[in-house]
$ cat structure-v2.cif   # mmCIF, N, CA and C atoms
data_target
#
loop_
_atom_site.group_PDB
_atom_site.id
_atom_site.type_symbol
_atom_site.label_atom_id
_atom_site.label_comp_id
_atom_site.auth_asym_id
_atom_site.auth_seq_id
_atom_site.Cartn_x
_atom_site.Cartn_y
_atom_site.Cartn_z
ATOM 1 N N MET C 13 144.620 50.495 121.266
ATOM 2 C CA MET C 13 145.624 51.483 120.982
ATOM 3 C C MET C 13 144.998 52.738 120.377
ATOM 4 N N LYS C 14 143.960 52.547 119.564
ATOM 5 C CA LYS C 14 143.315 53.675 118.918
ATOM 6 C C LYS C 14 142.591 54.554 119.935
ATOM 7 N N THR C 15 141.911 53.923 120.907
ATOM 8 C CA THR C 15 141.205 54.715 121.906
ATOM 9 C C THR C 15 142.191 55.462 122.800
ATOM 10 N N PHE C 16 143.331 54.838 123.091
ATOM 11 C CA PHE C 16 144.354 55.513 123.882
ATOM 12 C C PHE C 16 144.866 56.747 123.147
ATOM 13 N N ARG C 17 145.092 56.619 121.845
ATOM 14 C CA ARG C 17 145.574 57.746 121.040
ATOM 15 C C ARG C 17 144.545 58.870 121.026
ATOM 16 N N ASN C 18 143.264 58.515 120.865
ATOM 17 C CA ASN C 18 142.210 59.523 120.854
ATOM 18 C C ASN C 18 142.146 60.269 122.181
ATOM 19 N N LYS C 19 142.217 59.522 123.271
ATOM 20 C CA LYS C 19 142.168 60.144 124.589
ATOM 21 C C LYS C 19 143.393 61.017 124.834
ATOM 22 N N LEU C 20 144.548 60.567 124.356
ATOM 23 C CA LEU C 20 145.779 61.336 124.520
ATOM 24 C C LEU C 20 145.698 62.665 123.766
ATOM 25 N N ILE C 21 145.167 62.647 122.556
ATOM 26 C CA ILE C 21 145.038 63.879 121.776
ATOM 27 C C ILE C 21 144.111 64.862 122.470
ATOM 28 N N ILE C 22 142.986 64.383 122.962
ATOM 29 C CA ILE C 22 142.051 65.268 123.660
ATOM 30 C C ILE C 22 142.664 65.775 124.957
ATOM 31 N N PHE C 23 143.366 64.916 125.684
ATOM 32 C CA PHE C 23 144.031 65.334 126.918
ATOM 33 C C PHE C 23 145.063 66.422 126.649
ATOM 34 N N LEU C 24 145.870 66.239 125.607
ATOM 35 C CA LEU C 24 146.881 67.234 125.263
ATOM 36 C C LEU C 24 146.241 68.553 124.840
ATOM 37 N N ALA C 25 145.142 68.475 124.103
ATOM 38 C CA ALA C 25 144.461 69.702 123.681
ATOM 39 C C ALA C 25 143.934 70.470 124.883
ATOM 40 N N VAL C 26 143.333 69.769 125.826
ATOM 41 C CA VAL C 26 142.785 70.438 127.013
ATOM 42 C C VAL C 26 143.911 70.967 127.902
ATOM 43 N N THR C 27 144.995 70.206 128.020
ATOM 44 C CA THR C 27 146.126 70.647 128.842
ATOM 45 C C THR C 27 146.779 71.891 128.247
ATOM 46 N N CYS C 28 147.059 71.858 126.956
ATOM 47 C CA CYS C 28 147.641 73.035 126.299
ATOM 48 C C CYS C 28 146.666 74.210 126.355
ATOM 49 N N GLY C 29 145.380 73.914 126.254
ATOM 50 C CA GLY C 29 144.358 74.958 126.377
ATOM 51 C C GLY C 29 144.391 75.602 127.748
ATOM 52 N N GLY C 30 144.663 74.816 128.787
ATOM 53 C CA GLY C 30 144.782 75.370 130.134
ATOM 54 C C GLY C 30 145.939 76.349 130.257
ATOM 55 N N VAL C 31 147.052 76.000 129.640
ATOM 56 C CA VAL C 31 148.210 76.904 129.656
ATOM 57 C C VAL C 31 147.890 78.183 128.880
ATOM 58 N N ILE C 32 147.240 78.031 127.740
ATOM 59 C CA ILE C 32 146.844 79.202 126.957
ATOM 60 C C ILE C 32 145.849 80.044 127.749
ATOM 61 N N GLY C 33 144.946 79.378 128.478
ATOM 62 C CA GLY C 33 143.986 80.098 129.303
ATOM 63 C C GLY C 33 144.657 80.920 130.391
ATOM 64 N N ILE C 34 145.713 80.380 130.975
ATOM 65 C CA ILE C 34 146.438 81.121 132.016
ATOM 66 C C ILE C 34 147.118 82.347 131.411
ATOM 67 N N VAL C 35 147.708 82.179 130.223
ATOM 68 C CA VAL C 35 148.476 83.263 129.612
ATOM 69 C C VAL C 35 147.581 84.283 128.913
ATOM 70 N N LYS C 36 146.672 83.814 128.075
ATOM 71 C CA LYS C 36 145.894 84.727 127.228
ATOM 72 C C LYS C 36 144.452 84.938 127.681
ATOM 73 N N GLY C 37 143.943 84.093 128.524
ATOM 74 C CA GLY C 37 142.572 84.255 128.990
ATOM 75 C C GLY C 37 141.686 83.091 128.580
ATOM 76 N N GLU C 38 140.520 83.061 129.179
ATOM 77 C CA GLU C 38 139.595 81.943 129.003
ATOM 78 C C GLU C 38 139.021 81.878 127.586
ATOM 79 N N GLU C 39 138.736 83.024 127.005
ATOM 80 C CA GLU C 39 138.155 83.022 125.660
ATOM 81 C C GLU C 39 139.139 82.478 124.626
ATOM 82 N N ALA C 40 140.402 82.851 124.740
ATOM 83 C CA ALA C 40 141.426 82.335 123.831
ATOM 84 C C ALA C 40 141.582 80.831 124.012
ATOM 85 N N LYS C 41 141.475 80.365 125.253
ATOM 86 C CA LYS C 41 141.564 78.927 125.530
ATOM 87 C C LYS C 41 140.434 78.177 124.832
ATOM 88 N N GLN C 42 139.222 78.685 124.980
ATOM 89 C CA GLN C 42 138.073 78.020 124.374
ATOM 90 C C GLN C 42 138.180 77.994 122.856
ATOM 91 N N LYS C 43 138.642 79.081 122.252
ATOM 92 C CA LYS C 43 138.826 79.126 120.800
ATOM 93 C C LYS C 43 139.846 78.091 120.349
ATOM 94 N N TRP C 44 140.959 78.005 121.069
ATOM 95 C CA TRP C 44 142.031 77.097 120.681
ATOM 96 C C TRP C 44 141.594 75.645 120.809
ATOM 97 N N VAL C 45 140.961 75.297 121.924
ATOM 98 C CA VAL C 45 140.497 73.917 122.125
ATOM 99 C C VAL C 45 139.462 73.550 121.064
ATOM 100 N N PHE C 46 138.556 74.464 120.746
ATOM 101 C CA PHE C 46 137.551 74.200 119.717
ATOM 102 C C PHE C 46 138.219 73.983 118.359
ATOM 103 N N LYS C 47 139.229 74.783 118.045
ATOM 104 C CA LYS C 47 139.926 74.652 116.761
ATOM 105 C C LYS C 47 140.619 73.301 116.648
ATOM 106 N N VAL C 48 141.287 72.875 117.711
ATOM 107 C CA VAL C 48 141.996 71.595 117.684
ATOM 108 C C VAL C 48 141.009 70.440 117.591
ATOM 109 N N ARG C 49 139.941 70.487 118.378
ATOM 110 C CA ARG C 49 138.945 69.410 118.323
ATOM 111 C C ARG C 49 138.280 69.343 116.957
ATOM 112 N N SER C 50 137.962 70.493 116.378
ATOM 113 C CA SER C 50 137.316 70.514 115.065
ATOM 114 C C SER C 50 138.226 69.924 114.003
ATOM 115 N N LYS C 51 139.504 70.278 114.052
ATOM 116 C CA LYS C 51 140.459 69.756 113.079
ATOM 117 C C LYS C 51 140.556 68.239 113.197
ATOM 118 N N TYR C 52 140.615 67.746 114.417
ATOM 119 C CA TYR C 52 140.720 66.308 114.653
ATOM 120 C C TYR C 52 139.456 65.582 114.180
ATOM 121 N N GLU C 53 138.291 66.152 114.484
ATOM 122 C CA GLU C 53 137.030 65.537 114.072
ATOM 123 C C GLU C 53 136.899 65.523 112.550
ATOM 124 N N ASN C 54 137.309 66.596 111.900
ATOM 125 C CA ASN C 54 137.238 66.637 110.434
ATOM 126 C C ASN C 54 138.122 65.575 109.808
ATOM 127 N N LYS C 55 139.324 65.390 110.337
ATOM 128 C CA LYS C 55 140.213 64.353 109.811
ATOM 129 C C LYS C 55 139.597 62.972 109.998
ATOM 130 N N ARG C 56 138.988 62.746 111.156
ATOM 131 C CA ARG C 56 138.379 61.451 111.437
ATOM 132 C C ARG C 56 137.199 61.189 110.495
ATOM 133 N N GLN C 57 136.367 62.214 110.274
ATOM 134 C CA GLN C 57 135.217 62.051 109.387
ATOM 135 C C GLN C 57 135.643 61.801 107.950
ATOM 136 N N MET C 58 136.675 62.501 107.494
ATOM 137 C CA MET C 58 137.153 62.296 106.125
ATOM 138 C C MET C 58 137.697 60.877 105.945
ATOM 139 N N ALA C 59 138.423 60.388 106.935
ATOM 140 C CA ALA C 59 138.949 59.026 106.864
ATOM 141 C C ALA C 59 137.812 58.009 106.843
ATOM 142 N N GLU C 60 136.779 58.268 107.627
ATOM 143 C CA GLU C 60 135.628 57.358 107.660
ATOM 144 C C GLU C 60 134.916 57.347 106.316
ATOM 145 N N LYS C 61 134.731 58.520 105.715
ATOM 146 C CA LYS C 61 134.073 58.596 104.414
ATOM 147 C C LYS C 61 134.891 57.909 103.333
ATOM 148 N N LYS C 62 136.225 58.069 103.373
ATOM 149 C CA LYS C 62 137.080 57.414 102.381
ATOM 150 C C LYS C 62 137.007 55.901 102.519
ATOM 151 N N SER C 63 136.973 55.408 103.750
ATOM 152 C CA SER C 63 136.903 53.962 103.937
ATOM 153 C C SER C 63 135.566 53.409 103.453
ATOM 154 N N ILE C 64 134.494 54.166 103.644
ATOM 155 C CA ILE C 64 133.177 53.734 103.145
ATOM 156 C C ILE C 64 133.191 53.707 101.625
ATOM 157 N N ALA C 65 133.806 54.719 101.003
ATOM 158 C CA ALA C 65 133.855 54.779 99.541
ATOM 159 C C ALA C 65 134.692 53.633 98.983
ATOM 160 N N ARG C 66 135.783 53.294 99.651
ATOM 161 C CA ARG C 66 136.637 52.196 99.179
ATOM 162 C C ARG C 66 135.908 50.861 99.230
ATOM 163 N N LYS C 67 135.045 50.708 100.213
ATOM 164 C CA LYS C 67 134.314 49.448 100.363
ATOM 165 C C LYS C 67 133.110 49.376 99.425
ATOM 166 N N GLY C 68 132.886 50.433 98.648
ATOM 167 C CA GLY C 68 131.774 50.430 97.702
ATOM 168 C C GLY C 68 130.492 50.952 98.291
ATOM 169 N N GLY C 69 130.560 51.592 99.429
ATOM 170 C CA GLY C 69 129.370 52.130 100.066
ATOM 171 C C GLY C 69 128.936 53.446 99.438
ATOM 172 N N VAL C 70 127.780 53.906 99.848
ATOM 173 C CA VAL C 70 127.232 55.158 99.356
ATOM 174 C C VAL C 70 127.697 56.278 100.274
ATOM 175 N N LEU C 71 128.240 57.349 99.677
ATOM 176 C CA LEU C 71 128.669 58.501 100.472
ATOM 177 C C LEU C 71 127.450 59.341 100.849
ATOM 178 N N LEU C 72 127.370 59.672 102.110
ATOM 179 C CA LEU C 72 126.268 60.471 102.627
ATOM 180 C C LEU C 72 126.805 61.808 103.111
ATOM 181 N N ASP C 73 125.939 62.839 103.092
ATOM 182 C CA ASP C 73 126.379 64.116 103.640
ATOM 183 C C ASP C 73 126.258 64.081 105.164
ATOM 184 N N ASP C 74 126.630 65.168 105.814
ATOM 185 C CA ASP C 74 126.683 65.184 107.279
ATOM 186 C C ASP C 74 125.325 64.931 107.931
ATOM 187 N N ILE C 75 124.277 65.516 107.384
ATOM 188 C CA ILE C 75 122.938 65.350 107.972
ATOM 189 C C ILE C 75 122.478 63.900 107.827
ATOM 190 N N GLU C 76 122.706 63.325 106.666
ATOM 191 C CA GLU C 76 122.318 61.930 106.454
ATOM 192 C C GLU C 76 123.126 60.993 107.346
ATOM 193 N N MET C 77 124.436 61.279 107.514
ATOM 194 C CA MET C 77 125.269 60.453 108.388
ATOM 195 C C MET C 77 124.769 60.518 109.837
ATOM 196 N N ALA C 78 124.421 61.714 110.292
ATOM 197 C CA ALA C 78 123.948 61.881 111.665
ATOM 198 C C ALA C 78 122.637 61.139 111.877
ATOM 199 N N SER C 79 121.711 61.275 110.958
ATOM 200 C CA SER C 79 120.414 60.609 111.138
ATOM 201 C C SER C 79 120.551 59.098 110.961
ATOM 202 N N PHE C 80 121.430 58.649 110.077
ATOM 203 C CA PHE C 80 121.633 57.219 109.846
ATOM 204 C C PHE C 80 122.244 56.548 111.061
ATOM 205 N N HIS C 81 123.248 57.176 111.686
ATOM 206 C CA HIS C 81 123.955 56.553 112.791
ATOM 207 C C HIS C 81 123.206 56.682 114.118
ATOM 208 N N ASN C 82 122.294 57.620 114.231
ATOM 209 C CA ASN C 82 121.545 57.772 115.485
ATOM 210 C C ASN C 82 120.384 56.801 115.579
ATOM 211 N N ASN C 83 119.918 56.260 114.478
ATOM 212 C CA ASN C 83 118.779 55.337 114.519
ATOM 213 C C ASN C 83 119.215 53.927 114.636
#

$ encode --input "structure-v2.cif" --output "structure tokens"
Amino acid sequence: MKTFRNKLIIFLAVTCGGVIGIVKGEEAKQKWVFKVRSKYENKRQMAEKKSIARKGGVLLDDIEMASFHNN
């Protein structure tokens, strides 16, 4: 259910971005889609950090999280 919700949000953002692109232009579309994706990603990252803190884990900054999860 969670993956379906994630895909639905991205689909809606791209679809609405297409309508904005038709009306206002391609640059406005790209700005809007980037803004929506960034907002969604920030909410997801904050929730992940809060869950780690609740479990007693160590909070890492963005660079440490990226290097930790890629290895």

$ residues_around --input "structure-v2.cif" --residues "Tyr52 (chain C)" --least-positions-apart "5" --cutoff "9 Å" --atoms "only C-alpha atoms" --output "list in words"
Ile21, Lys47 and Gln57 of chain C

$ residues_around --input "structure-v2.cif" --residues "Ile32 (chain C)" --least-positions-apart "5" --cutoff "9 Å" --atoms "only C-alpha atoms" --output "list in words"
Thr27, Gly37, Glu38, Ala40, Lys41 and Trp44 of chain C

$ write_last_selection --input "structure-v2.cif" --atoms "N, CA and C atoms" --output "PDB file, in the coordinates of the input"
ATOM      1  N   THR C  27     144.995  70.206 128.020  1.00  0.00           N
ATOM      2  CA  THR C  27     146.126  70.647 128.842  1.00  0.00           C
ATOM      3  C   THR C  27     146.779  71.891 128.247  1.00  0.00           C
ATOM      4  N   GLY C  37     143.943  84.093 128.524  1.00  0.00           N
ATOM      5  CA  GLY C  37     142.572  84.255 128.990  1.00  0.00           C
ATOM      6  C   GLY C  37     141.686  83.091 128.580  1.00  0.00           C
ATOM      7  N   GLU C  38     140.520  83.061 129.179  1.00  0.00           N
ATOM      8  CA  GLU C  38     139.595  81.943 129.003  1.00  0.00           C
ATOM      9  C   GLU C  38     139.021  81.878 127.586  1.00  0.00           C
ATOM     10  N   ALA C  40     140.402  82.851 124.740  1.00  0.00           N
ATOM     11  CA  ALA C  40     141.426  82.335 123.831  1.00  0.00           C
ATOM     12  C   ALA C  40     141.582  80.831 124.012  1.00  0.00           C
ATOM     13  N   LYS C  41     141.475  80.365 125.253  1.00  0.00           N
ATOM     14  CA  LYS C  41     141.564  78.927 125.530  1.00  0.00           C
ATOM     15  C   LYS C  41     140.434  78.177 124.832  1.00  0.00           C
ATOM     16  N   TRP C  44     140.959  78.005 121.069  1.00  0.00           N
ATOM     17  CA  TRP C  44     142.031  77.097 120.681  1.00  0.00           C
ATOM     18  C   TRP C  44     141.594  75.645 120.809  1.00  0.00           C
TER      19      TRP C  44
END

$ atom_distance --input "structure-v2.cif" --atom1 "CA of Arg49 (chain C)" --atom2 "atom C of Val26 (chain C)"
10.9 Å

$ atom_distance --input "structure-v2.cif" --atom1 "CA of Leu20 (chain C)" --atom2 "atom C of Asn54 (chain C)"
17.1 Å

$ axis_aligned_box --input "structure-v2.cif" --around "region 64-73 of chain C" --padding-each-side "6 Å" --output "AutoDock Vina command-line options"
--center_x 131.3 --center_y 56.7 --center_z 101.4 --size_x 22.7 --size_y 26.7 --size_z 19.5

$ atom_distance --input "structure-v2.cif" --atom1 "CA of Ala25 (chain C)" --atom2 "CA of Met13 (chain C)"
18.5 Å
